[in-house]
Amino acid sequence: MSFLCGTIILVSILPINWTQAANDDSPEKEIKTASEEKKPARSDFHGDPLPPGAVARLGTVRMRHQDDVDCAAFSPDGKTLAAGDDGAPMKIRLWEIPSGKELRSFEANSCTRSIAFSPDGTRLATGDCVDFVHLWETSTGNQLFILSMRQDPVVSGVMSVLFSPDGKVLASSDGLGAIHLWDVSNGQLLRRLQGHHGTVRSIAFSPQGDTLYSGGEDGTIRYWQINTGKEVRRLGDGQDRVVSLSLSPDGRTLASESYEKKIRLWDVDSGKERRQLDESETALGCVAFSPDGRTLASAGDKIRLWDVASGKALRLWGENLPYAWAVVFSPDGKTLASAHHHPTIRLWDVATGKEINRKEGHQHRVWSVAVSPDGKSVATASEDGTVRLWEPTTGKPQRLRMPRLGPLHAVAFSPDGKLVATGAMYDGKVRVWDIATEKEVGTFLRPPLDHSIRRVSRGCTCLAFSPDGKTLASGHWNDNSVCLWEVKSGKGPRELVGHQGQVDAIAFSPDGKTLASGSRDQTIRFCDLATGKEVRKFKGHQNGVTSVAFSSDGKMLASAGQDLTARLWDVATAQEISSFLERDGTMSSVAFSPDCKTLATGTYNATVHLWEVATGKEQRLFKGHASVCSIAFSPEGRWLVSGGTDSTALVWDISGKSD
């Protein structure tokens, strides 16, 4: 499909809800879902509404997107912050400042790379990764225009969007070296500026609106005359690939940032370089002038404030934060917003460097959840490097102070509820913590793999305690192994090998004699723990196995797979009993209710399903996350907890009494 420049394209997309029990003979039968029932909304610990069927949220939705945030912009009055994400569904969200409440969201068809308010704040422009510029009405969320930048079959994406000072012209740049100027009143293309070789990542208008400045990966900064479209000046030697450009409010100084870790300040009139700021030890992402022009903010793996006159660094913060894609000053210059390689937008007090209105909760994806044996606590492990404990029925944080670790992928309670284990995604460390003392009581680490050129860690993907609590099992990627560790003595590992792909799931049988492991090699292996030998292998999934769980009587095993199915197996015979199909997305997790009558499945497509084991029919469907990573039942089976990529966990009422 191709589109001509200047064409206004109106798109209407109808959402499809297509869910069906695998054993249901009536494909047209509609499943009644919790999200479709119109009930009064319950609120979470912070006063924000909960999705239907949920009784608590562990964490917060304030300033949280569903996935990584790529861009942000303050409204002219400073009361609203707009940001776009890479989530599913992808959305542009408007946040109230400083409370962090969501005011409105716009459904996007693809990830949003750039965003800008019109000078009067009535319109919002966004650029996506599929070469379209979208123009929205801020007050209603109505989409006014969709503008195509595509010139050929190559998809380059919209790198930057910006309104002219008078709000009449919208400029957009792409990955093929082009800049488009659009008439905001009718969406028509005014002119196309061509000259850069390669991606134009950043643009800036002069205060008078008669000149546009562009920074490209060809190592140049170019001046363009708006009324003629001609290039009138070129800066740079072609060596430093420009990734970000910012113009001081008085229009006299340009700040450029490059892949080569250089920040340069240029005199706009003479075109001469005034100063370089030393960022040699920092990976860079963006620069932004404060409204008074005295301060420059830079961001990447750190956030710095610079004094423009002297070139000295004024403040450094966020050393433990994920990579920052964007930083923007509020119009009064008192607040700095940062968008990161995670779902959370952070607000900072420029004068003190302190975070504003921070809410208790994870900042990144919740990869794993676990329920304590007494049902009084839920543990959540996140990619932000923290593990947290919560009251499941209220969402109130419980006391647990552990140091920030590397990104975590797994968490598990010991059978007596006194210990919690965590597994790290990258360094592969398995740690055991005493909950009462909040002290680390054990660290299990295998040496990295020697891949000749570099040593590679054996990242931990999953954890499970044996029923007697004496053994901790961990699954790993890179070497496709399962390790057994003695919890008390720290001895180990005892390795169980045989899988030909990453091990993503492990579970002990209720009698503790057998360990089941699921892998991306599409198989489930049963190992006798006394001998360490494989006793049977389950084959049936057509793609990787993401989760496994035993029924409480040990007679059945449930598995979830990337082939969109969950399957029930007879443990004694290794024969498949039944399967459950989720047409909307990959199954990420599976769990049995304590009475073995219900099977719960979570999907990477935002849903939690409850299935009747005996018939295979779907009982309920919960929606609340962008993507569900992990699920777990409470010990008595009255509620279920799910962790998602939106940085929160949700507690669902299985009985339906809370709806």
# chains A, B, ... in the order shown; residues from 1 in each chain; ligands from 1
>>> select_by_dssp(residues="range 121-297 of chain A", states="strand (DSSP E)", output="ChimeraX atom specification")
/A:123-128,132-137,143-148,158-163,169-174,178-183,189-194,200-205,211-216,221-225,231-235,242-247,253-258,262-267,273-278,284-289,295-297
>>> residues_around(residues="Ile345 in chain A", least_positions_apart="6", cutoff="7 Å", atoms="only C-alpha atoms", output="list of chain:residue names")
A:Met63, A:Arg64, A:Ala337, A:Ser338, A:Ala339
>>> atom_distance(atom1="CA of Thr437 in chain A", atom2="CA of Pro403 in chain A")
13.3 Å
>>> residues_around(residues="range 216-226 of chain A", least_positions_apart="4", cutoff="9 Å", atoms="only C-alpha atoms", output="ChimeraX atom specification")
/A:177,181,191,193,195-202,209-212,230-245,256,258-259
>>> residues_around(residues="Leu247 in chain A", least_positions_apart="4", cutoff="7 Å", atoms="only C-alpha atoms", output="ChimeraX atom specification")
/A:204,251,253-255,289
>>> atom_distance(atom1="CA of Pro249 in chain A", atom2="CA of Ala83 in chain A")
22.5 Å
>>> closest_residue(among="A:Gly300, A:Leu463, A:Ser368, A:Gly554", to="Val628 in chain A", atoms="only C-alpha atoms")
A:Ser368
>>> closest_residue(among="A:Arg42, A:Lys439, A:Lys334, A:Arg567", to="Gly540 in chain A", atoms="only C-alpha atoms")
A:Arg567
>>> residues_around(residues="His46 in chain A", least_positions_apart="6", cutoff="10 Å", atoms="only C-alpha atoms", output="PyMOL selection string")
chain A and resi 57+59-62+359-360+395-396
>>> closest_residue(among="A:Thr393, A:Gln522, A:Thr352, A:Thr443", to="Ala56 in chain A", atoms="only C-alpha atoms")
A:Thr393
>>> residues_around(residues="Leu408 in chain A", least_positions_apart="5", cutoff="10 Å", atoms="only C-alpha atoms", output="list in words")
Arg365, Val366, Trp367, Ser368, Thr380, Ala381, Ser382, Glu383, Asp384, Gly385, Thr386, Val387, Thr422, Gly423, Ala424, Met425, Tyr426, Asp427, Gly428, Lys429, Val430, Gly459, Cys460, Thr461 and Cys462 of chain A
>>> closest_atom_pairs(of="range 400-433 of chain A", to="range 630-633 of chain A", cutoff="12 Å", atoms="only C-alpha atoms", output="CSV")
residue,atom,partner,partner_atom,distance
A:His409,CA,A:Ser630,CA,10.2
A:Ala410,CA,A:Ser630,CA,9.5
A:Val411,CA,A:Ser630,CA,10.4
A:Ala412,CA,A:Ala632,CA,10.8
A:Phe413,CA,A:Ala632,CA,11.8
>>> residues_around(residues="Thr514 in chain A", least_positions_apart="6", cutoff="12 Å", atoms="only C-alpha atoms", output="list in words")
Ser466, Pro467, Ala473, Leu496, Ile506, Ala507, Phe508, Arg525, Phe526, Cys527, Asp528, Leu529, Ala530, Thr531, Gly532, Lys533, Glu534, Val535, Arg536, Phe550, Gly554, Leu557, Val571 and Ala572 of chain A
>>> closest_residue(among="A:Ile654, A:Leu189, A:Leu265, A:Val497", to="Asp278 in chain A", atoms="only C-alpha atoms")
A:Leu265
>>> atom_distance(atom1="CA of Glu495 in chain A", atom2="CA of Lys555 in chain A")
25.7 Å
>>> closest_residue(among="A:His499, A:Arg275, A:Arg404, A:Lys470", to="His362 in chain A", atoms="only C-alpha atoms")
A:Arg404
>>> closest_residue(among="A:Ala116, A:Val328, A:Ala558, A:Val308", to="Asp570 in chain A", atoms="only C-alpha atoms")
A:Ala558
